[in-house]
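Text of the file upload.pdb, holding PDB, C-alpha atoms, pLDDT in the B column:
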ATOM      1  CA  MET A1397      -8.110  13.898 -19.886  1.00 70.00           C
ATOM      2  CA  ALA A1398     -10.324  16.876 -19.115  1.00 76.00           C
ATOM      3  CA  LEU A1399     -10.778  17.488 -22.828  1.00 81.00           C
ATOM      4  CA  ARG A1400     -11.735  13.846 -23.374  1.00 82.00           C
ATOM      5  CA  LEU A1401     -14.331  14.010 -20.596  1.00 77.00           C
ATOM      6  CA  ALA A1402     -15.689  17.307 -21.936  1.00 80.00           C
ATOM      7  CA  LEU A1403     -16.029  15.854 -25.440  1.00 79.00           C
ATOM      8  CA  GLN A1404     -17.645  12.711 -24.086  1.00 76.00           C
ATOM      9  CA  ARG A1405     -20.157  14.801 -22.160  1.00 74.00           C
ATOM     10  CA  ARG A1406     -20.772  17.084 -25.157  1.00 75.00           C
ATOM     11  CA  PHE A1407     -21.489  14.282 -27.622  1.00 74.00           C
ATOM     12  CA  SER A1408     -23.323  11.865 -25.318  1.00 73.00           C
ATOM     13  CA  LYS A1409     -27.049  11.430 -25.494  1.00 72.00           C
ATOM     14  CA  ALA A1410     -28.942  13.869 -23.323  1.00 70.00           C
ATOM     15  CA  THR A1411     -30.737  12.266 -20.401  1.00 68.00           C
ATOM     16  CA  PRO A1412     -33.846  14.007 -19.073  1.00 69.00           C
ATOM     17  CA  LEU A1413     -33.691  15.248 -15.488  1.00 69.00           C
ATOM     18  CA  GLY A1414     -34.818  12.670 -12.980  1.00 66.00           C
ATOM     19  CA  LEU A1415     -33.753   9.719 -15.141  1.00 68.00           C
ATOM     20  CA  GLU A1416     -30.450   7.888 -14.886  1.00 73.00           C
ATOM     21  CA  SER A1417     -28.199   7.491 -17.904  1.00 72.00           C
ATOM     22  CA  GLY A1418     -27.043   4.037 -18.962  1.00 73.00           C
ATOM     23  CA  GLN A1419     -23.467   4.722 -17.834  1.00 74.00           C
ATOM     24  CA  ALA A1420     -24.558   5.866 -14.371  1.00 75.00           C
ATOM     25  CA  LYS A1421     -26.791   2.811 -13.976  1.00 79.00           C
ATOM     26  CA  ALA A1422     -23.980   0.454 -15.034  1.00 81.00           C
ATOM     27  CA  LEU A1423     -21.546   2.161 -12.661  1.00 78.00           C
ATOM     28  CA  LYS A1424     -23.964   1.866  -9.741  1.00 83.00           C
ATOM     29  CA  GLU A1425     -24.537  -1.828 -10.470  1.00 85.00           C
ATOM     30  CA  SER A1426     -20.788  -2.444 -10.689  1.00 86.00           C
ATOM     31  CA  VAL A1427     -20.134  -0.667  -7.369  1.00 82.00           C
ATOM     32  CA  ALA A1428     -23.005  -2.567  -5.748  1.00 83.00           C
ATOM     33  CA  GLY A1429     -21.508  -5.854  -7.007  1.00 83.00           C
ATOM     34  CA  VAL A1430     -18.104  -5.012  -5.543  1.00 79.00           C
ATOM     35  CA  THR A1431     -19.562  -3.971  -2.189  1.00 85.00           C
ATOM     36  CA  ASN A1432     -21.636  -7.178  -2.017  1.00 83.00           C
ATOM     37  CA  THR A1433     -18.515  -9.231  -2.740  1.00 77.00           C
ATOM     38  CA  VAL A1434     -16.574  -7.423  -0.012  1.00 76.00           C
ATOM     39  CA  LYS A1435     -19.460  -7.729   2.466  1.00 83.00           C
ATOM     40  CA  GLY A1436     -19.842 -11.428   1.697  1.00 79.00           C
ATOM     41  CA  PHE A1437     -16.156 -12.199   2.303  1.00 78.00           C
ATOM     42  CA  SER A1438     -15.453 -14.241   5.411  1.00 82.00           C
ATOM     43  CA  PHE A1439     -11.901 -14.778   6.629  1.00 81.00           C
ATOM     44  CA  SER A1440     -12.850 -17.936   8.506  1.00 84.00           C
ATOM     45  CA  ALA A1441     -14.421 -19.489   5.409  1.00 82.00           C
ATOM     46  CA  PHE A1442     -11.565 -18.388   3.121  1.00 80.00           C
ATOM     47  CA  PHE A1443      -8.819 -19.730   5.372  1.00 81.00           C
ATOM     48  CA  GLU A1444     -10.633 -22.971   6.151  1.00 84.00           C
ATOM     49  CA  GLU A1445      -8.170 -25.619   4.930  1.00 84.00           C
ATOM     50  CA  LYS A1446     -10.294 -27.477   2.391  1.00 85.00           C
ATOM     51  CA  HIS A1447     -11.709 -24.312   0.829  1.00 83.00           C
ATOM     52  CA  PHE A1448      -8.285 -22.566   0.862  1.00 81.00           C
ATOM     53  CA  TRP A1449      -6.439 -25.292  -1.059  1.00 80.00           C
ATOM     54  CA  GLN A1450      -9.203 -26.497  -3.393  1.00 84.00           C
ATOM     55  CA  LYS A1451     -11.620 -23.663  -4.216  1.00 83.00           C
ATOM     56  CA  ALA A1452     -10.217 -20.307  -3.118  1.00 80.00           C
ATOM     57  CA  ASN A1453      -8.291 -17.999  -5.405  1.00 80.00           C
ATOM     58  CA  VAL A1454      -5.091 -17.930  -3.349  1.00 81.00           C
ATOM     59  CA  GLY A1455      -2.909 -16.111  -5.875  1.00 81.00           C
ATOM     60  CA  PRO A1456      -3.528 -12.606  -4.463  1.00 84.00           C
ATOM     61  CA  PHE A1457      -2.971 -13.880  -0.919  1.00 85.00           C
ATOM     62  CA  PHE A1458       0.418 -15.410  -1.713  1.00 89.00           C
ATOM     63  CA  ILE A1459       1.452 -12.423  -3.823  1.00 90.00           C
ATOM     64  CA  LEU A1460       0.649 -10.160  -0.868  1.00 92.00           C
ATOM     65  CA  LEU A1461       2.482 -12.503   1.485  1.00 93.00           C
ATOM     66  CA  PHE A1462       5.513 -12.592  -0.824  1.00 94.00           C
ATOM     67  CA  PHE A1463       5.678  -8.823  -1.392  1.00 96.00           C
ATOM     68  CA  THR A1464       4.867  -7.682   2.155  1.00 96.00           C
ATOM     69  CA  PRO A1465       8.535  -7.065   3.111  1.00 96.00           C
ATOM     70  CA  SER A1466       9.108  -5.027  -0.036  1.00 96.00           C
ATOM     71  CA  ILE A1467       5.875  -3.074   0.425  1.00 96.00           C
ATOM     72  CA  TYR A1468       6.740  -2.403   4.073  1.00 96.00           C
ATOM     73  CA  ARG A1469      10.273  -1.265   3.235  1.00 97.00           C
ATOM     74  CA  SER A1470       9.029   0.989   0.429  1.00 96.00           C
ATOM     75  CA  PHE A1471       6.390   2.546   2.658  1.00 96.00           C
ATOM     76  CA  LYS A1472       8.924   3.036   5.465  1.00 96.00           C
ATOM     77  CA  ASP A1473      11.421   4.691   3.077  1.00 96.00           C
ATOM     78  CA  TRP A1474       8.706   6.925   1.635  1.00 95.00           C
ATOM     79  CA  TYR A1475       7.527   7.954   5.113  1.00 96.00           C
ATOM     80  CA  TRP A1476      10.978   8.770   6.496  1.00 93.00           C
ATOM     81  CA  THR A1477      12.051  10.553   3.315  1.00 93.00           C
ATOM     82  CA  ARG A1478       8.983  12.743   3.632  1.00 92.00           C
ATOM     83  CA  GLN A1479       9.576  13.408   7.342  1.00 91.00           C
ATOM     84  CA  LEU A1480      13.270  14.192   6.911  1.00 90.00           C
ATOM     85  CA  ARG A1481      12.574  16.443   3.922  1.00 89.00           C
ATOM     86  CA  LYS A1482      10.125  18.400   6.082  1.00 89.00           C
ATOM     87  CA  LEU A1483      12.645  18.521   8.946  1.00 89.00           C
ATOM     88  CA  SER A1484      15.375  19.623   6.546  1.00 89.00           C
ATOM     89  CA  THR A1485      13.180  22.453   5.285  1.00 88.00           C
ATOM     90  CA  GLU A1486      12.456  23.555   8.850  1.00 88.00           C
ATOM     91  CA  GLU A1487      16.169  23.464   9.712  1.00 91.00           C
ATOM     92  CA  ILE A1488      17.065  25.523   6.637  1.00 90.00           C
ATOM     93  CA  ILE A1489      14.478  28.156   7.561  1.00 91.00           C
ATOM     94  CA  SER A1490      15.688  28.168  11.170  1.00 91.00           C
ATOM     95  CA  ASP A1491      19.311  28.517  10.046  1.00 91.00           C
ATOM     96  CA  ARG A1492      18.414  31.420   7.783  1.00 92.00           C
ATOM     97  CA  TYR A1493      16.683  33.237  10.643  1.00 93.00           C
ATOM     98  CA  GLU A1494      19.685  32.593  12.902  1.00 94.00           C
ATOM     99  CA  TRP A1495      22.065  33.874  10.199  1.00 94.00           C
ATOM    100  CA  LEU A1496      19.907  36.971   9.705  1.00 95.00           C
ATOM    101  CA  LYS A1497      19.808  37.667  13.449  1.00 95.00           C
ATOM    102  CA  LEU A1498      23.603  37.326  13.804  1.00 96.00           C
ATOM    103  CA  ASN A1499      24.261  39.567  10.804  1.00 96.00           C
ATOM    104  CA  MET A1500      21.831  42.188  12.105  1.00 97.00           C
ATOM    105  CA  LEU A1501      23.662  42.214  15.473  1.00 96.00           C
ATOM    106  CA  LYS A1502      27.013  42.435  13.668  1.00 97.00           C
ATOM    107  CA  ASP A1503      25.766  45.371  11.576  1.00 96.00           C
ATOM    108  CA  GLU A1504      24.480  47.179  14.685  1.00 96.00           C
ATOM    109  CA  VAL A1505      27.822  46.710  16.486  1.00 96.00           C
ATOM    110  CA  GLU A1506      29.758  47.967  13.453  1.00 94.00           C
ATOM    111  CA  ALA A1507      27.473  50.991  13.119  1.00 94.00           C
ATOM    112  CA  GLU A1508      27.911  51.839  16.810  1.00 94.00           C
ATOM    113  CA  LEU A1509      31.718  51.463  16.587  1.00 91.00           C
ATOM    114  CA  LEU A1510      31.874  53.689  13.509  1.00 89.00           C
ATOM    115  CA  ALA A1511      29.929  56.367  15.415  1.00 90.00           C
ATOM    116  CA  HIS A1512      32.596  56.458  18.158  1.00 88.00           C
ATOM    117  CA  ILE A1513      35.692  56.845  15.915  1.00 88.00           C
ATOM    118  CA  PRO A1514      37.701  60.022  16.726  1.00 84.00           C
ATOM    119  CA  GLN A1515      38.026  62.805  14.159  1.00 84.00           C
ATOM    120  CA  GLY A1516      41.500  61.950  12.896  1.00 82.00           C
ATOM    121  CA  GLY A1517      40.923  58.224  12.905  1.00 83.00           C
ATOM    122  CA  ILE A1518      42.489  55.650  15.170  1.00 82.00           C
ATOM    123  CA  LYS A1519      46.194  56.207  15.840  1.00 82.00           C
ATOM    124  CA  PRO A1520      48.410  53.125  15.534  1.00 81.00           C
ATOM    125  CA  LEU A1521      49.553  51.634  18.802  1.00 82.00           C
ATOM    126  CA  GLU A1522      53.327  51.866  19.350  1.00 80.00           C
ATOM    127  CA  LEU A1523      54.949  50.006  22.150  1.00 82.00           C
ATOM    128  CA  GLY A1524      58.319  51.706  21.775  1.00 78.00           C
ATOM    129  CA  PRO A1525      60.405  53.737  19.378  1.00 76.00           C
ATOM    130  CA  ALA A1526      60.720  52.437  15.841  1.00 75.00           C
ATOM    131  CA  LEU A1527      64.504  52.764  15.837  1.00 77.00           C
ATOM    132  CA  PRO A1528      66.867  51.666  18.651  1.00 73.00           C
ATOM    133  CA  PRO A1529      68.592  54.530  20.607  1.00 66.00           C
TER     134      PRO A1529
END
Please re-express this file's structure in structure tokens.
Amino acid sequence: MALRLALQRRFSKATPLGLESGQAKALKESVAGVTNTVKGFSFSAFFEEKHFWQKANVGPFFILLFFTPSIYRSFKDWYWTRQLRKLSTEEIISDRYEWLKLNMLKDEVEAELLAHIPQGGIKPLELGPALPP
């Protein structure tokens, strides 16, 4: 797309500074037409019964009315998926920090215990003689 726009700009007619090109003028007129249509729209006139059933283009209205539950459900699913994905990421990061903290404490305890081992090692604990008398 960028290449297409670059080629279009490269091979278009040069317009002197201060003058508008034909494309820019057509785009401005088209945007002005759309804004005038939107500004001129009146809900009370559109939904007036005679105009609504005889003159108005009601197709988009009924399509919107028909698809509103689906649009709402899709938006709701998108929103909660996004929120839960973000929460899941935060929980994973939190769990990793908790795991790291616990393992660091475990390593410190093991290092301290290894420093206090007697020279010959730890003798096994015997509660009585190995053989009966």
Draw an axis-aligned box tight on the listed atoms of stretch 1415-1428 of chain A, then pad every side by 4 Å and write out centre and edge lengths in Å to one decimal as lines of an AutoDock Vina configuration file.
center_x = -26.9
center_y = 3.6
center_z = -12.4
size_x = 21.6
size_y = 20.3
size_z = 21.2
Do you have the atom CA of A:Lys1497-atom CA of A:Gln1479 distance handy?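 Separating atom CA of A:Lys1497 from atom CA of A:Gln1479 is a distance of 27.0 Å.
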Could you tell me, as a PDB file with C-alpha atoms, in the frame of the given file, which residues have any atom at most 12 Å from (1.5, -19.6, 5.6), counting all atoms listed in the file?
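Okay, result26.pdb is ready:
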ATOM      1  CA  PHE A1443      -8.819 -19.730   5.372  1.00 81.00           C
ATOM      2  CA  GLU A1445      -8.170 -25.619   4.930  1.00 84.00           C
ATOM      3  CA  PHE A1448      -8.285 -22.566   0.862  1.00 81.00           C
ATOM      4  CA  TRP A1449      -6.439 -25.292  -1.059  1.00 80.00           C
ATOM      5  CA  VAL A1454      -5.091 -17.930  -3.349  1.00 81.00           C
ATOM      6  CA  PHE A1457      -2.971 -13.880  -0.919  1.00 85.00           C
ATOM      7  CA  PHE A1458       0.418 -15.410  -1.713  1.00 89.00           C
ATOM      8  CA  ILE A1459       1.452 -12.423  -3.823  1.00 90.00           C
ATOM      9  CA  LEU A1460       0.649 -10.160  -0.868  1.00 92.00           C
ATOM     10  CA  LEU A1461       2.482 -12.503   1.485  1.00 93.00           C
ATOM     11  CA  PHE A1462       5.513 -12.592  -0.824  1.00 94.00           C
TER      12      PHE A1462
END
Select all residues near (-14.8, -13.4, -1.3) (cut-off 12 Å, inclusive, file coordinates), counting only C-alpha atoms, and output them as number ranges by chain. A: 1429-1443, 1447-1448, 1451-1454, 1456-1457
- Coordinates-based distance that separates atom CA of A:Gln1419 from atom CA of A:Phe1407 (Å, one decimal):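 Distance between the two atoms: 13.8 Å.
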Just how far from atom CA of A:Ile1518 is atom CA of A:Glu1506, in Å to one decimal?
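According to the coordinates, atom CA of A:Glu1506 and atom CA of A:Ile1518 are separated by 15.0 Å.
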Reconstructed stretch 1470-1486 of chain A, atom set N, CA, C and O atoms, as an mmCIF file, in the frame of the given file:
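File part-v1.cif, as written:
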data_model
loop_
_atom_site.group_PDB
_atom_site.id
_atom_site.type_symbol
_atom_site.label_atom_id
_atom_site.label_comp_id
_atom_site.auth_asym_id
_atom_site.auth_seq_id
_atom_site.Cartn_x
_atom_site.Cartn_y
_atom_site.Cartn_z
ATOM 1 N N SER A 1470 9.303 -0.168 1.298
ATOM 2 C CA SER A 1470 9.029 0.989 0.429
ATOM 3 C C SER A 1470 8.216 2.037 1.165
ATOM 4 O O SER A 1470 8.503 3.239 1.068
ATOM 5 N N PHE A 1471 7.209 1.598 1.904
ATOM 6 C CA PHE A 1471 6.390 2.546 2.658
ATOM 7 C C PHE A 1471 7.233 3.243 3.728
ATOM 8 O O PHE A 1471 7.125 4.449 3.920
ATOM 9 N N LYS A 1472 8.075 2.468 4.423
ATOM 10 C CA LYS A 1472 8.924 3.036 5.465
ATOM 11 C C LYS A 1472 9.889 4.063 4.862
ATOM 12 O O LYS A 1472 10.049 5.156 5.410
ATOM 13 N N ASP A 1473 10.514 3.750 3.737
ATOM 14 C CA ASP A 1473 11.421 4.691 3.077
ATOM 15 C C ASP A 1473 10.691 5.947 2.634
ATOM 16 O O ASP A 1473 11.183 7.068 2.814
ATOM 17 N N TRP A 1474 9.502 5.777 2.078
ATOM 18 C CA TRP A 1474 8.706 6.925 1.635
ATOM 19 C C TRP A 1474 8.370 7.813 2.827
ATOM 20 O O TRP A 1474 8.515 9.032 2.760
ATOM 21 N N TYR A 1475 7.928 7.193 3.929
ATOM 22 C CA TYR A 1475 7.527 7.954 5.113
ATOM 23 C C TYR A 1475 8.696 8.736 5.686
ATOM 24 O O TYR A 1475 8.587 9.943 5.937
ATOM 25 N N TRP A 1476 9.852 8.086 5.883
ATOM 26 C CA TRP A 1476 10.978 8.770 6.496
ATOM 27 C C TRP A 1476 11.593 9.794 5.562
ATOM 28 O O TRP A 1476 12.095 10.832 6.014
ATOM 29 N N THR A 1477 11.568 9.547 4.264
ATOM 30 C CA THR A 1477 12.051 10.553 3.315
ATOM 31 C C THR A 1477 11.202 11.812 3.432
ATOM 32 O O THR A 1477 11.721 12.932 3.467
ATOM 33 N N ARG A 1478 9.898 11.611 3.502
ATOM 34 C CA ARG A 1478 8.983 12.743 3.632
ATOM 35 C C ARG A 1478 9.230 13.501 4.933
ATOM 36 O O ARG A 1478 9.300 14.732 4.954
ATOM 37 N N GLN A 1479 9.369 12.775 6.047
ATOM 38 C CA GLN A 1479 9.576 13.408 7.342
ATOM 39 C C GLN A 1479 10.904 14.163 7.388
ATOM 40 O O GLN A 1479 10.975 15.292 7.882
ATOM 41 N N LEU A 1480 11.963 13.540 6.873
ATOM 42 C CA LEU A 1480 13.270 14.192 6.911
ATOM 43 C C LEU A 1480 13.339 15.380 5.954
ATOM 44 O O LEU A 1480 14.035 16.353 6.222
ATOM 45 N N ARG A 1481 12.619 15.300 4.834
ATOM 46 C CA ARG A 1481 12.574 16.443 3.922
ATOM 47 C C ARG A 1481 11.904 17.627 4.617
ATOM 48 O O ARG A 1481 12.347 18.769 4.507
ATOM 49 N N LYS A 1482 10.819 17.351 5.353
ATOM 50 C CA LYS A 1482 10.125 18.400 6.082
ATOM 51 C C LYS A 1482 11.032 18.965 7.179
ATOM 52 O O LYS A 1482 11.129 20.185 7.341
ATOM 53 N N LEU A 1483 11.726 18.083 7.908
ATOM 54 C CA LEU A 1483 12.645 18.521 8.946
ATOM 55 C C LEU A 1483 13.785 19.337 8.348
ATOM 56 O O LEU A 1483 14.178 20.364 8.900
ATOM 57 N N SER A 1484 14.299 18.900 7.209
ATOM 58 C CA SER A 1484 15.375 19.623 6.546
ATOM 59 C C SER A 1484 14.918 21.026 6.163
ATOM 60 O O SER A 1484 15.649 21.999 6.347
ATOM 61 N N THR A 1485 13.717 21.141 5.652
ATOM 62 C CA THR A 1485 13.180 22.453 5.285
ATOM 63 C C THR A 1485 13.068 23.345 6.513
ATOM 64 O O THR A 1485 13.441 24.517 6.474
ATOM 65 N N GLU A 1486 12.577 22.775 7.618
ATOM 66 C CA GLU A 1486 12.456 23.555 8.850
ATOM 67 C C GLU A 1486 13.827 23.992 9.361
ATOM 68 O O GLU A 1486 13.991 25.122 9.832
#
